[in-house]
Structures are given as structure tokens and as C-alpha cells.
Amino acid sequence: MKIKNINVSEILKPTFWKITSVIIVIVGLFSTYFRFTQGLGATTNLQDTVPWGLWIGFDFIGVGLAAAGFTIAATVHIFNMHKYEPLVRPAILTAFLGYSVVVCLLVVDLGRPEHFYHPLYMWNIHSVMFEITWCLICYSTVLLLEFAPVVLEKFNIKAPIKILKAISIPVVIIGVLFSTLHQSSFGSLYLIVPGKLHPLWYSSLLPVHFYVSCIAAGLSMIIFESFLIARGLTKEEGFQNTGLKMNILSGAAFAVLIALIAGLLLKIYDFIDSGKLYLLTIPSTETYLFYLEILLGTIAPIYLLSHKKLRENKKWLYITSICVISGLILNRINVSITGLAASSGVSYFPSFDEISITLMLIVLAIFAFRLVAKNFAVFITEEHEHSVSEKDIAKTKPITIS
Amino acid sequence: MLKEKGILFDVTLCIGCGSCYDACKEANNLPKTSEDFLKDHLSDNTFNVIEQYDDLYARKMCMHCNEPACESVCLVGAITKTSTGAVVYDADKCIGCRYCMQACPHKIPRYEWGTTTPRIRKCNMCAERVSNGLIPACAESCPNEATLYGDMDQLIAIAKRRLQENPDKYYQHIYGLEEAGGGHVLVLSPVPFEQLGYIPELPKESMPEFTKRAMEKIPSVVVGGGIFLGGMYWLTKRKNQIAKEERSKNEN
Ligand code: SF4
Ligand code: SF4
Ligand code: SF4
């Protein structure tokens, strides 16, 4: 396998996005350097009353939005709905990169990053954090196993593919179980702070809320991604099969609708059951944020998606997916930051370094996504999995770096 | 096993002299953080503060909970409860996730934000002194017996007796006995505790209970989920197969 002659002038050709990305990465690297040499106090706005900030909040968002990795894998491999086959690989790649960002941020956020390996052999099984750590490790391994065939295919290494195929169903099942556990456990993290987290968000059902909402948002993320790619990248190498397939996307959108309705009913039940309805009439920043979250992320998308016409309309589906994603982002920030602000008594806004490191990791993840998509058969047609075609361009062409 | 020990702090006896504040600093080798100890607050260099509320003084420190939230959430077990009841911390294990700070119902643990090798900082009930046969520095230094150190059962008995014998002098409640599952620091006061900045309305059950209820469900989720997914796989595959057979039959 040879590396294609790298076309330097092509890589260096300045475009708006290239320049912006390079700047973000360079600034981010500086921030990372400061973070590790100066400590958390000097580079973040975290303090004793706000021990968790943007980085942890973003971890929640990243993990939530990467949920399609397990939902789509389950749909296709467990529920045998092969129509959705083309979404599997992009979803797994998205999940893997999403989790990579999350893990990097977790390490950056640790006060003693050099002790990051301690949870491997120092165990406290009563800690939700412990469970999450192990689920993250195991699920990342599952994602690697699920994506490995794509890489091996390219290099024509057949033997391990056979093994991976043979164990693929148990692997998918294990992946779904680990995902279920840690997606919900991110909510469980807050079960222990009933007095601190605002009652609009605190609930003994937090883990279930987190789980249901990640299903809707993860699928929306894949829909959103499909639109972005179809818009900007279809002409690029490696993105040949990325024309929008509306029947698949609106099918996924229907699943989003069901998850959203389930989430809304759960919220309503929760509010009635724990007698929290009166909170909705108390004017406060939290209440407004809560309304924004529910209207934008749940009610509006439910309305839009429940019309078959809108669900099958490109523009509306695109808008809806953005709504659902924003809803999840708002929700996770509300739980991890704004919902705790009142009890901490100080207002927190992330520092420059916190933001720039986060942005850097996002840019790197997008770059990695493009690189992988260019070199490996990420976007495939429905039949691909079953009739591995030698013609597949991405598979036989040499590695490119740009 | 050592008998469980604790601290009883009586607001009605405290004269706000600051001896315990100074003694705590000295025992823990902590630098000076404030000109006026009454204006100081808990920090990585202050484990014990005295706050003034008009003519009353209230001590704030780690409550050494019976089932500490901080201990239960620490994924590497860096926080442990000793046999005497003190809740202690091991910086060599800590990875610095700061979940303990987030979880503590009394908002006690502080962090060394200023260094690149930060530690969680809080009162450890002078665990080292106690293991050397001494009593905690604050209790030793108190000139007025406002801070007492002793066996938990005795302290509880003393507290109850004081409430009973002087019903007019005390607000009838022992703070810390049941709050968040109770702990090893008890407080008596002449006024309701929220007036002295103690966190009110803490649940009576211990904080780890809240998490336990969810964590308990994990095994059944795994087993149930595994069976469900396996079953669905088998079912849908079978369905597809039958559909395929039907189709080929019809074609024939
Ligand atoms: S008061 Fe807070 S820091 Fe002290 S033992 Fe209880 S939970 Fe831990
Ligand atoms: S910061 Fe350290 S002591 Fe606190 S929970 Fe995390 S690992 Fe445990
Ligand atoms: S030493 Fe005793 S009297 Fe003086 S401030 Fe401390 S508790 Fe109060």
C-alpha cells in the first residue's frame, strides 16, 4: 500500500475553513500547553463552588450526540432492518470520534491527569463515575471492533474480518448494553445532589431522561450529519455514496419522533408524580431555560415530525434535527452548569482556554472524520455489506492525506 | 476496633476566640489566609472556619458523615472512612475528578486550584494526631469546651441532655445527627440552624442511598437487556427468513 504523492499545493490552498481550523488548532495547542503547565486554576474559571464546568458539560453533550453508534447498530444488526445499513458506518465512526473527544476532555479536566490509569486497578464499585469510566473503556473497544472490518477490508486482510464477523452480533449486543448503562449513568451522576441541582432537572428518573433523550438526539445527529455531508462533501473523494436517501432519513426521523414523545410523556409523568408542576409557573432564569429546552428540543420537533409531509421534506427535516440537537445541548448544560448555579451562588462562564481546547478537539474530530471517510469505505450502499464489491473506489485507492 | 469518635460543637458556649482556627492551621501546617479569621472561608488552606452571626459564632468543617457522599462517589477509593469515624483522603490515589466536591451535601471539600499537582483539602479530624494518642487540635485548644471530642455515644448523650435540661436555651435539634444520614460532627444552637448558615433541609437518609437505588438496577438491566436483544435478533432474523422463503415460493 503506497501513499499517494501528496499534492502539497492542493493541501496548502487556503480556504476559509482551512485557515479557521488551523488557527483554532494552534490556539488550542497553546491553551493545552498552559493547562498542563499552569494548572486548572490559572487556565479555567473553575473554583471550589463550581468544580465542574464546560469540559464536563461538553462530555455529556458529546456522549449524548454519539448515541447513534449503538442505536443504529442495534437497528440493523439486532432488529435486522437492513434498510438502514448505509448509516451504520458513519454512525460508528461518529461515535468513535465523539468518544475520543470526550475521553481527551476528561483527561484534560482531571486535576491529576498523570493518574488517569488509576481506575483500572483502584476500584470503588459504588461510584457512578467508576461505572462510567469502565463503560467508556469497554464501549470504545466495542466501537473499535465494529469499525475494524472497514479498515481491514481496505488492506485486504481477510482472516480477522472473518473472526470479527463471527462475533459481530454479541459485540453489538454488548455495545448496546454498555451504552445503555453509561448513557443513563451520566444522569445518575447527579442523583447524589438533590439539594444542589435545581428541581426542574433533579429527578430520581434522571438516568431514564438521559437515556431517552440521547436516543432522539443521537439519531438527529446522524440526520444532521448526512445533510451537512450531502451539502458540502458529496463531490469529494470518499463521499461518493452520500447523496441524501430520504426514505432512510425519514425512517430514522420517525424513530426520533417516538423517542421524543416517550421523553415528553416521561417528563410529564415525572412532574406530576413528584408534584413539581408548580415550578413551571415560578418566573426565574431556570424556568425560562427549561421552557426553551422543552419547546425547542421536544415540543417543536414533535410537532414538525408528526406531519408525514414535513418529515419527508428535506428542509424541514434538517431544521428539526437541529432543534433536537440544540435541545439536548441545552438540557445537558442545564443539568451540568446552569441548574447548579443557584446553589453554588456564583455564576460561571468558561474561560478562554476552556473554550479553545474544546474547539480544538472538535476541529480535530471533524478533520479525522474527513480523513477516514476519504480513505476507507465509510459511506456504502445498502448492498455493500452483503456483496463486497471489488469496484468500491475508496477501498482500492491509495491512502490520501489532506 | 477503636470506638467511633466525634466532635460536639455547642454554639451557646462558643465565644468566637479563634483558638480552634489557629490550632487547626498549626496542626495541618497551613499558611495564613486572612487577617481576620472571622472573615475567612473554607479553602485549600483553611479546613475550619468560625463565622459570626450577630453575637453567635458557628464553626464550619467536614461533618465526617456516617455514609459519606464523598467516599461513595470517589471512583478510585481515595476517600475512606476510618474505624474511628474520620473521613480521610489519600492524594496518591486521587485522579482529581472533583466528583467528591460536587457530591458533598455540606459543600466541604476544597481543591488546590493553583498547582499542577492539586489535592482535595478538608478536615480529616486530625487522623494523625488521633493515631498518636492525641485529640483533634481544635478540641484541645478550645478554652470554653464549646468543641468537645469524644466517643460518639457519649457525645450524643451529652447533646440530648443539654437539650432536655435547658429547653429555653436551645433550639430543639441536634444538627448533624441525622442530616444526610448523620455524621460524626454534632452541633447545638440556640436558633434554627439555617440562621447560622448550616445547610437546611438535608434528607435524613444518607446521600449514597440516592445513587444506590439506581445502581441496584444495573444487573437486571444487563441481564434483561441481553435477553431482550438476543431474542429480538433471533425473532427478526427468523421473520426475514420466512419472508424470503415466502417470496421465493411465490416466484416459483
Ligand atoms: S461533610 Fe462532605 S466531605 Fe465531609 S464526610 Fe460528609 S460528604 Fe465527605
Ligand atoms: S477528586 Fe480525587 S478524591 Fe475526589 S472523587 Fe475524584 S478521585 Fe476521588
Ligand atoms: S476555640 Fe472554642 S470557643 Fe474558641 S472559636 Fe473555637 S469553638 Fe469557639
# chains A, B, ... in the order shown; residues from 1 in each chain; ligands from 1
>>> residues_around(residues="Leu46 of chain A", least_positions_apart="4", cutoff="9 Å", atoms="only C-alpha atoms", output="PyMOL selection string")
(chain A and resi 40-41+50-53+348-351) or (chain B and resi 113)
>>> write_last_selection(atoms="all heavy atoms", output="compact mmCIF listing (two decimals), in the first residue's frame")
# COMPACT_ATOMS: atom_id res chain seq x y z
N LEU A 40 -5.12 23.98 36.69
CA LEU A 40 -6.51 24.30 36.38
C LEU A 40 -6.90 25.70 36.81
O LEU A 40 -7.67 26.39 36.15
CB LEU A 40 -7.44 23.29 37.06
CG LEU A 40 -7.45 21.88 36.48
CD1 LEU A 40 -8.18 20.93 37.42
CD2 LEU A 40 -8.11 21.88 35.12
N GLY A 41 -6.39 26.13 37.95
CA GLY A 41 -6.80 27.42 38.49
C GLY A 41 -6.47 28.56 37.55
O GLY A 41 -7.26 29.48 37.35
N VAL A 50 -17.69 25.76 41.89
CA VAL A 50 -18.04 25.24 40.56
C VAL A 50 -16.95 24.26 40.14
O VAL A 50 -16.09 24.57 39.33
CB VAL A 50 -18.11 26.38 39.51
CG1 VAL A 50 -18.67 25.86 38.20
CG2 VAL A 50 -18.94 27.52 40.03
N PRO A 51 -16.98 23.04 40.71
CA PRO A 51 -15.88 22.12 40.40
C PRO A 51 -15.95 21.55 38.99
O PRO A 51 -14.94 21.09 38.48
CB PRO A 51 -16.03 21.02 41.45
CG PRO A 51 -17.43 21.10 41.93
CD PRO A 51 -17.89 22.51 41.74
N TRP A 52 -17.12 21.57 38.38
CA TRP A 52 -17.24 21.05 37.01
C TRP A 52 -17.75 22.16 36.10
O TRP A 52 -18.69 22.86 36.44
CB TRP A 52 -18.24 19.90 36.95
CG TRP A 52 -17.74 18.64 37.57
CD1 TRP A 52 -16.49 18.38 38.05
CD2 TRP A 52 -18.50 17.45 37.79
NE1 TRP A 52 -16.43 17.11 38.55
CE2 TRP A 52 -17.64 16.51 38.40
CE3 TRP A 52 -19.82 17.06 37.51
CZ2 TRP A 52 -18.06 15.23 38.75
CZ3 TRP A 52 -20.23 15.80 37.86
CH2 TRP A 52 -19.36 14.89 38.47
N GLY A 53 -17.16 22.26 34.93
CA GLY A 53 -17.57 23.32 34.02
C GLY A 53 -17.80 22.85 32.61
O GLY A 53 -18.37 21.79 32.38
N TYR A 348 -20.94 31.06 36.50
CA TYR A 348 -19.74 30.53 35.86
C TYR A 348 -19.85 30.73 34.37
O TYR A 348 -20.90 30.50 33.77
CB TYR A 348 -19.64 29.04 36.19
CG TYR A 348 -18.78 28.25 35.22
CD1 TYR A 348 -17.42 28.15 35.41
CD2 TYR A 348 -19.35 27.62 34.12
CE1 TYR A 348 -16.63 27.43 34.51
CE2 TYR A 348 -18.58 26.91 33.22
CZ TYR A 348 -17.22 26.81 33.42
OH TYR A 348 -16.45 26.11 32.54
N PHE A 349 -18.79 31.20 33.76
CA PHE A 349 -18.70 31.20 32.31
C PHE A 349 -17.32 30.67 31.96
O PHE A 349 -16.35 31.03 32.59
CB PHE A 349 -18.91 32.60 31.74
CG PHE A 349 -19.12 32.58 30.25
CD1 PHE A 349 -20.37 32.29 29.72
CD2 PHE A 349 -18.06 32.81 29.39
CE1 PHE A 349 -20.56 32.23 28.35
CE2 PHE A 349 -18.25 32.75 28.01
CZ PHE A 349 -19.49 32.47 27.49
N PRO A 350 -17.25 29.76 30.99
CA PRO A 350 -15.96 29.13 30.71
C PRO A 350 -14.89 30.14 30.32
O PRO A 350 -15.17 31.18 29.73
CB PRO A 350 -16.26 28.17 29.56
CG PRO A 350 -17.61 28.52 29.06
CD PRO A 350 -18.33 29.18 30.17
N SER A 351 -13.66 29.82 30.65
CA SER A 351 -12.55 30.71 30.33
C SER A 351 -12.14 30.53 28.87
O SER A 351 -12.57 29.59 28.20
CB SER A 351 -11.36 30.38 31.22
OG SER A 351 -10.79 29.16 30.78
N TRP B 113 -6.47 24.62 43.44
CA TRP B 113 -6.55 25.02 42.03
C TRP B 113 -5.23 25.58 41.53
O TRP B 113 -4.95 25.55 40.34
CB TRP B 113 -7.66 26.06 41.84
CG TRP B 113 -9.00 25.53 42.18
CD1 TRP B 113 -9.71 25.74 43.33
CD2 TRP B 113 -9.82 24.66 41.38
NE1 TRP B 113 -10.91 25.06 43.29
CE2 TRP B 113 -11.00 24.40 42.11
CE3 TRP B 113 -9.66 24.08 40.11
CZ2 TRP B 113 -12.01 23.59 41.61
CZ3 TRP B 113 -10.67 23.28 39.62
CH2 TRP B 113 -11.83 23.03 40.37
>>> residues_near_ligand(ligand="ligand 3", cutoff="9 Å", atoms="only C-alpha atoms and all ligand atoms", output="ChimeraX atom specification")
/B:9-11,13-23,49-50,57-59,138-148
>>> select_by_dssp(residues="segment 43-129 of chain B", states="strand (DSSP E or B)", output="ChimeraX atom specification")
/B:43,46,49-53,56-60,65,79-81,87-89,110-111,120-121
>>> write_last_selection(atoms="N, CA and C atoms", output="mmCIF file, in the first residue's frame")
data_model
loop_
_atom_site.group_PDB
_atom_site.id
_atom_site.type_symbol
_atom_site.label_atom_id
_atom_site.label_comp_id
_atom_site.auth_asym_id
_atom_site.auth_seq_id
_atom_site.Cartn_x
_atom_site.Cartn_y
_atom_site.Cartn_z
ATOM 1 N N SER B 43 -11.079 26.893 52.462
ATOM 2 C CA SER B 43 -10.310 26.896 51.219
ATOM 3 C C SER B 43 -9.282 25.785 51.301
ATOM 4 N N THR B 46 -7.601 26.301 54.495
ATOM 5 C CA THR B 46 -8.403 26.518 55.700
ATOM 6 C C THR B 46 -9.456 25.423 55.800
ATOM 7 N N VAL B 49 -13.563 27.023 59.852
ATOM 8 C CA VAL B 49 -13.798 28.462 59.982
ATOM 9 C C VAL B 49 -14.800 28.737 61.092
ATOM 10 N N ILE B 50 -14.716 29.944 61.621
ATOM 11 C CA ILE B 50 -15.710 30.413 62.576
ATOM 12 C C ILE B 50 -16.406 31.593 61.928
ATOM 13 N N GLU B 51 -17.718 31.460 61.771
ATOM 14 C CA GLU B 51 -18.486 32.532 61.147
ATOM 15 C C GLU B 51 -19.283 33.252 62.213
ATOM 16 N N GLN B 52 -19.358 34.580 62.069
ATOM 17 C CA GLN B 52 -20.087 35.358 63.063
ATOM 18 C C GLN B 52 -21.489 35.690 62.553
ATOM 19 N N TYR B 53 -22.493 35.421 63.372
ATOM 20 C CA TYR B 53 -23.871 35.818 63.077
ATOM 21 C C TYR B 53 -24.357 36.604 64.274
ATOM 22 N N LEU B 56 -23.561 35.400 67.769
ATOM 23 C CA LEU B 56 -23.343 33.950 67.768
ATOM 24 C C LEU B 56 -22.222 33.595 66.800
ATOM 25 N N TYR B 57 -21.539 32.499 67.122
ATOM 26 C CA TYR B 57 -20.456 32.041 66.256
ATOM 27 C C TYR B 57 -20.720 30.598 65.851
ATOM 28 N N ALA B 58 -20.492 30.301 64.591
ATOM 29 C CA ALA B 58 -20.733 28.949 64.097
ATOM 30 C C ALA B 58 -19.476 28.397 63.447
ATOM 31 N N ARG B 59 -19.119 27.190 63.816
ATOM 32 C CA ARG B 59 -17.961 26.534 63.193
ATOM 33 C C ARG B 59 -18.415 25.775 61.966
ATOM 34 N N LYS B 60 -17.611 25.831 60.905
ATOM 35 C CA LYS B 60 -17.906 25.045 59.711
ATOM 36 C C LYS B 60 -16.703 24.176 59.388
ATOM 37 N N CYS B 65 -19.385 12.369 57.717
ATOM 38 C CA CYS B 65 -20.650 11.641 57.584
ATOM 39 C C CYS B 65 -20.498 10.144 57.859
ATOM 40 N N ILE B 79 -10.968 8.422 49.036
ATOM 41 C CA ILE B 79 -11.543 8.881 50.295
ATOM 42 C C ILE B 79 -12.088 7.670 51.042
ATOM 43 N N THR B 80 -11.711 7.544 52.292
ATOM 44 C CA THR B 80 -12.178 6.398 53.074
ATOM 45 C C THR B 80 -12.588 6.855 54.463
ATOM 46 N N LYS B 81 -13.380 6.014 55.101
ATOM 47 C CA LYS B 81 -13.785 6.284 56.472
ATOM 48 C C LYS B 81 -13.000 5.354 57.376
ATOM 49 N N VAL B 87 -13.232 10.809 58.161
ATOM 50 C CA VAL B 87 -13.236 10.604 56.720
ATOM 51 C C VAL B 87 -11.934 11.186 56.178
ATOM 52 N N VAL B 88 -11.066 10.310 55.668
ATOM 53 C CA VAL B 88 -9.722 10.736 55.296
ATOM 54 C C VAL B 88 -9.476 10.536 53.799
ATOM 55 N N TYR B 89 -8.406 11.140 53.343
ATOM 56 C CA TYR B 89 -8.158 11.263 51.910
ATOM 57 C C TYR B 89 -6.733 10.854 51.593
ATOM 58 N N ARG B 110 -12.408 21.187 49.362
ATOM 59 C CA ARG B 110 -11.820 22.275 48.586
ATOM 60 C C ARG B 110 -10.680 21.720 47.754
ATOM 61 N N TYR B 111 -10.282 22.482 46.737
ATOM 62 C CA TYR B 111 -9.281 21.975 45.806
ATOM 63 C C TYR B 111 -8.113 22.935 45.688
ATOM 64 N N ILE B 120 -7.326 17.315 47.036
ATOM 65 C CA ILE B 120 -8.551 17.681 47.732
ATOM 66 C C ILE B 120 -8.147 18.029 49.159
ATOM 67 N N ARG B 121 -8.708 19.089 49.702
ATOM 68 C CA ARG B 121 -8.335 19.513 51.049
ATOM 69 C C ARG B 121 -9.567 19.629 51.930
#
>>> interface_residues(of="chain A", to="chain B", cutoff="6 Å", atoms="only C-alpha atoms", output="PyMOL selection string")
chain A and resi 39-41+48+78-80+110-112+115+119+122-124+126-127+129-130+191-193
>>> closest_residue(among="A:Glu293, A:Asp273, A:Asp59, A:Asp109", to="ligand 2", atoms="only C-alpha atoms and all ligand atoms")
A:Asp109
>>> residues_around(residues="Ile156 of chain B", least_positions_apart="4", cutoff="10 Å", atoms="only C-alpha atoms", output="list in words")
Gly6, Ile7, Leu8, Gly150, Asp151, Met152, Lys160, Arg161, Arg162, Ile174, Leu177, His184 and Leu186 of chain B
>>> write_last_selection(atoms="N, CA and C atoms", output="PDB file, in the first residue's frame")
ATOM      1  N   GLY B   6     -16.145  11.430  67.762  1.00  0.00           N
ATOM      2  CA  GLY B   6     -16.756  12.546  67.062  1.00  0.00           C
ATOM      3  C   GLY B   6     -16.519  13.854  67.778  1.00  0.00           C
ATOM      4  N   ILE B   7     -17.124  14.905  67.232  1.00  0.00           N
ATOM      5  CA  ILE B   7     -16.972  16.240  67.796  1.00  0.00           C
ATOM      6  C   ILE B   7     -18.353  16.813  68.076  1.00  0.00           C
ATOM      7  N   LEU B   8     -18.502  17.420  69.235  1.00  0.00           N
ATOM      8  CA  LEU B   8     -19.752  18.111  69.543  1.00  0.00           C
ATOM      9  C   LEU B   8     -19.430  19.597  69.669  1.00  0.00           C
ATOM     10  N   GLY B 150     -14.920  13.179  71.630  1.00  0.00           N
ATOM     11  CA  GLY B 150     -15.139  12.014  72.475  1.00  0.00           C
ATOM     12  C   GLY B 150     -15.848  10.897  71.740  1.00  0.00           C
ATOM     13  N   ASP B 151     -16.261   9.895  72.505  1.00  0.00           N
ATOM     14  CA  ASP B 151     -16.994   8.779  71.908  1.00  0.00           C
ATOM     15  C   ASP B 151     -18.352   9.264  71.428  1.00  0.00           C
ATOM     16  N   MET B 152     -18.741   8.782  70.273  1.00  0.00           N
ATOM     17  CA  MET B 152     -19.991   9.241  69.675  1.00  0.00           C
ATOM     18  C   MET B 152     -21.179   9.055  70.614  1.00  0.00           C
ATOM     19  N   LYS B 160     -28.135  15.380  74.004  1.00  0.00           N
ATOM     20  CA  LYS B 160     -29.543  15.177  74.349  1.00  0.00           C
ATOM     21  C   LYS B 160     -29.839  15.754  75.722  1.00  0.00           C
ATOM     22  N   ARG B 161     -28.904  15.532  76.643  1.00  0.00           N
ATOM     23  CA  ARG B 161     -29.113  16.029  77.995  1.00  0.00           C
ATOM     24  C   ARG B 161     -29.206  17.560  77.993  1.00  0.00           C
ATOM     25  N   ARG B 162     -28.297  18.194  77.246  1.00  0.00           N
ATOM     26  CA  ARG B 162     -28.323  19.661  77.205  1.00  0.00           C
ATOM     27  C   ARG B 162     -29.652  20.173  76.665  1.00  0.00           C
ATOM     28  N   ILE B 174     -30.516  18.406  67.134  1.00  0.00           N
ATOM     29  CA  ILE B 174     -29.070  18.169  67.076  1.00  0.00           C
ATOM     30  C   ILE B 174     -28.689  18.109  65.610  1.00  0.00           C
ATOM     31  N   LEU B 177     -26.863  14.943  63.439  1.00  0.00           N
ATOM     32  CA  LEU B 177     -27.172  13.596  63.924  1.00  0.00           C
ATOM     33  C   LEU B 177     -27.876  12.787  62.836  1.00  0.00           C
ATOM     34  N   HIS B 184     -20.299  12.491  62.221  1.00  0.00           N
ATOM     35  CA  HIS B 184     -19.546  12.489  63.464  1.00  0.00           C
ATOM     36  C   HIS B 184     -19.275  13.884  64.007  1.00  0.00           C
ATOM     37  N   LEU B 186     -21.503  16.958  65.597  1.00  0.00           N
ATOM     38  CA  LEU B 186     -22.842  17.353  66.031  1.00  0.00           C
ATOM     39  C   LEU B 186     -22.806  18.821  66.442  1.00  0.00           C
TER      40      LEU B 186
END
>>> closest_residue(among="B:Asp40, B:Glu26, B:Asp90, B:Gln172", to="ligand 2", atoms="only C-alpha atoms and all ligand atoms")
B:Asp90
>>> select_by_dssp(residues="segment 242-401 of chain A", states="helix (DSSP H, G or I)", output="PyMOL selection string")
chain A and resi 246-273+277-281+285-305+308-311+314-344+352-375+393-396
>>> atom_distance(atom1="atom CA of Ile242 of chain B", atom2="atom CA of Pro170 of chain A")
23.1 Å
>>> atom_distance(atom1="atom CA of Leu359 of chain A", atom2="atom CA of Leu87 of chain A")
26.0 Å
>>> closest_residue(among="A:Gly69, A:Gly345, A:Gly339, A:Pro113", to="ligand 2", atoms="only C-alpha atoms and all ligand atoms")
A:Pro113
